[in-house]
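Engineer: Handing you this structure, nothing more for now.
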Amino acid sequence: MTNLQRHLFQLRDAKYAVFQAKLTPGIPLDCFIGVRVPVLRKFAKEFAKTADADKFIAVLPHKYYDENMLHGLLLSEMKDYEQCLEQTDKFLPYVDNWAVCDIMSPKVFRKHKADVFEKIQEWSKSSHTYTCRFGLEMLMSHFLDEDFKPEYLNIPASVTSDEYYVKMMVAWFFATALTKQWEATIPIIERKVLAPWTHNKTIQKARESLRITAEQKEYLHSLKI
């Protein structure tokens with residue numbers, strides 16, 4: 001066991017490990033240490049300042065789910081864009097669950113929107129479930145507000161996958177797009193461009209949002225397949 005693993009075990013909550021395992025299908029229970037996310041975030045901020053962080057990131061794959069979560073948090077804290085992008089590309093093939101995928105949100109991407117957009121187009125076309133999901137999540141995070149263009153909706157609309165966590169991400173994207181860019185997004189729902197399951201899940205998630213008006217919710221309900 002490495003020194004880092006020993007430290008993570010000192011931070012563990014065994015009951016939380018069981019809880020996490022139930023939320024993360026396909027990952028064996030013995031891969032969970034059980035470090036709560038706020039505790040792991042706090043540790044990651046301190047660990048990122050040490051030389052050991054670079055050594056940890058360089059060695060893949062990791063044994064534990066919590067190590068992968070830590071890896072994602074460290075990528076999120078990186079300040080050098082090129083280094084962050086390189087390490088993100090190296091890590092994505094090893095991401096095997098939605099939680100690790102979704103915890104990755106590199107802050108430095110905000111300063112390099114044009115370059116990130118090119119990568120988003122590449123990631124979203126990946127056949128690897130969580131690389132595709134990550135690309136769509138970055139599109140949702142960075143390009144549904146002031147940098148939005150209607151043609152960006154074609155990226156998630158063109159994703160064809162039977163993978164649950166990709167379909168859920170597409171639905172999450174369009175539900176969010178409806179709350180932020182209704183006029184540009186509603187034609188896609190009206191034309192029923194998305195696969196039926198994703199179309200209906202989009203409507204469901206959008207109707208759960210407090211940012212959608214009662215009238216909009218009623219209209220969306222009428223568009224269910």
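Letters A, B, ... go to the chains of the structure tokens in the order shown; residues in each chain start at 1; ligands are counted from 1 in the same order.
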When DSSP works through the backbone of this structure, what residues of stretch 42-202 of chain A end up as helix (DSSP H, G or I), shown as JSON, numbers by chain?

Structural biologist: {"A": [42, 43, 44, 45, 46, 47, 51, 52, 53, 54, 55, 56, 57, 58, 65, 66, 67, 68, 69, 70, 71, 72, 73, 74, 75, 76, 77, 81, 82, 83, 84, 85, 86, 87, 88, 89, 90, 91, 92, 93, 94, 98, 99, 100, 101, 102, 103, 107, 108, 109, 110, 111, 113, 114, 115, 116, 117, 118, 119, 120, 121, 122, 123, 129, 130, 131, 132, 133, 134, 135, 136, 137, 138, 139, 140, 141, 142, 150, 151, 152, 153, 154, 155, 156, 157, 164, 165, 166, 167, 168, 169, 170, 171, 172, 173, 174, 175, 176, 177, 178, 179, 180, 182, 183, 184, 185, 186, 187, 188, 189, 190, 196, 197, 198, 199, 200, 201, 202]}

Engineer: Could you give me, as an NGL selection string, the residues within 8 Å of A:Leu74, counting only C-alpha atoms and dropping anything in the same chain fewer than 5 positions from it?

Structural biologist: :A and (44-45 or 48 or 53)

Engineer: Do you know which residues are at most 12 Å from A:Thr2 counting only C-alpha atoms, after dropping those on the same chain fewer than 3 positions away, and could you put them as a VMD selection string?

Structural biologist: chain A and resid 5 to 9 52 56 62 to 64 67

Engineer: Counting only C-alpha atoms, what is within 9 Å of A:Lys217, bar same-chain residues fewer than 4 positions away, as an MDAnalysis selection string?

Structural biologist: chainID A and resid 203 206:208 212:213 221:222

Engineer: Could you check the closest approach to A:Tyr81 for each of A:Asp96, A:Leu220, A:Asp115, A:Cys101 and tell me which residue wins, using only C-alpha atoms?

Structural biologist: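 Comparing A:Asp96, A:Leu220, A:Asp115, A:Cys101 against A:Tyr81, the winner is A:Asp115.
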
Engineer: Show me a table, sorted first by chain and then by increasing residue number, of the residues of stretch 56-134 of chain A having an atom at most 10 Å from stretch 151-160 of chain A, each with its shortest atom pair and the distance in Å to one decimal, counting only C-alpha atoms and written as JSON lines.

Structural biologist:
{"residue": "A:Phe117", "atom": "CA", "partner": "A:Tyr152", "partner_atom": "CA", "distance": 9.7}
{"residue": "A:Ile120", "atom": "CA", "partner": "A:Ile155", "partner_atom": "CA", "distance": 9.0}
{"residue": "A:Gln121", "atom": "CA", "partner": "A:Ile155", "partner_atom": "CA", "distance": 7.1}
{"residue": "A:Ser124", "atom": "CA", "partner": "A:Val159", "partner_atom": "CA", "distance": 7.3}
{"residue": "A:Lys125", "atom": "CA", "partner": "A:Val159", "partner_atom": "CA", "distance": 7.0}
{"residue": "A:Ser126", "atom": "CA", "partner": "A:Val159", "partner_atom": "CA", "distance": 9.4}
{"residue": "A:Ser127", "atom": "CA", "partner": "A:Thr160", "partner_atom": "CA", "distance": 9.5}
{"residue": "A:Cys132", "atom": "CA", "partner": "A:Val159", "partner_atom": "CA", "distance": 8.7}
{"residue": "A:Arg133", "atom": "CA", "partner": "A:Pro156", "partner_atom": "CA", "distance": 9.8}

Engineer: Find the residues around A:Arg191 up to 12 Å (only C-alpha atoms counted), leave out those fewer than 6 positions away in its own chain, and share them as a list of chain:residue names.

Structural biologist: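 Near neighbours after the sequence-gap exclusion: A:Ala157, A:Thr185, A:His199, A:Leu223, A:Lys224, A:Ile225.
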
Engineer: Take atom CA of A:Asp30 and atom CA of A:Ala14 and report the distance between them in Å, one decimal.

Structural biologist: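 Computing the Euclidean distance for atom CA of A:Asp30 and atom CA of A:Ala14 yields 10.7 Å.
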
Engineer: Do you have, as CSV, the list of residues of stretch 41-64 of chain A lying at most 8 Å from stretch 85-95 of chain A, each with its nearest atom pair and that distance in Å to one decimal, counting only C-alpha atoms and ordered by chain then number?

Structural biologist:
residue,atom,partner,partner_atom,distance
A:Ile57,CA,A:Gln87,CA,7.8
A:Leu60,CA,A:Phe91,CA,7.8
A:Pro61,CA,A:Tyr94,CA,6.6

Engineer: Could you tell me how far atom CA of A:Tyr65 sits from atom CA of A:Ala17, in Å to one decimal place?

Structural biologist: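 Taking atom CA of A:Ala17 as the start and atom CA of A:Tyr65 as the end point, the length is 9.8 Å.
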
Engineer: May I ask for the distance between atom CA of A:Asp145 and atom CA of A:Ile189, given in Å to one decimal place?

Structural biologist: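 Between these atoms lies a distance of 19.5 Å.
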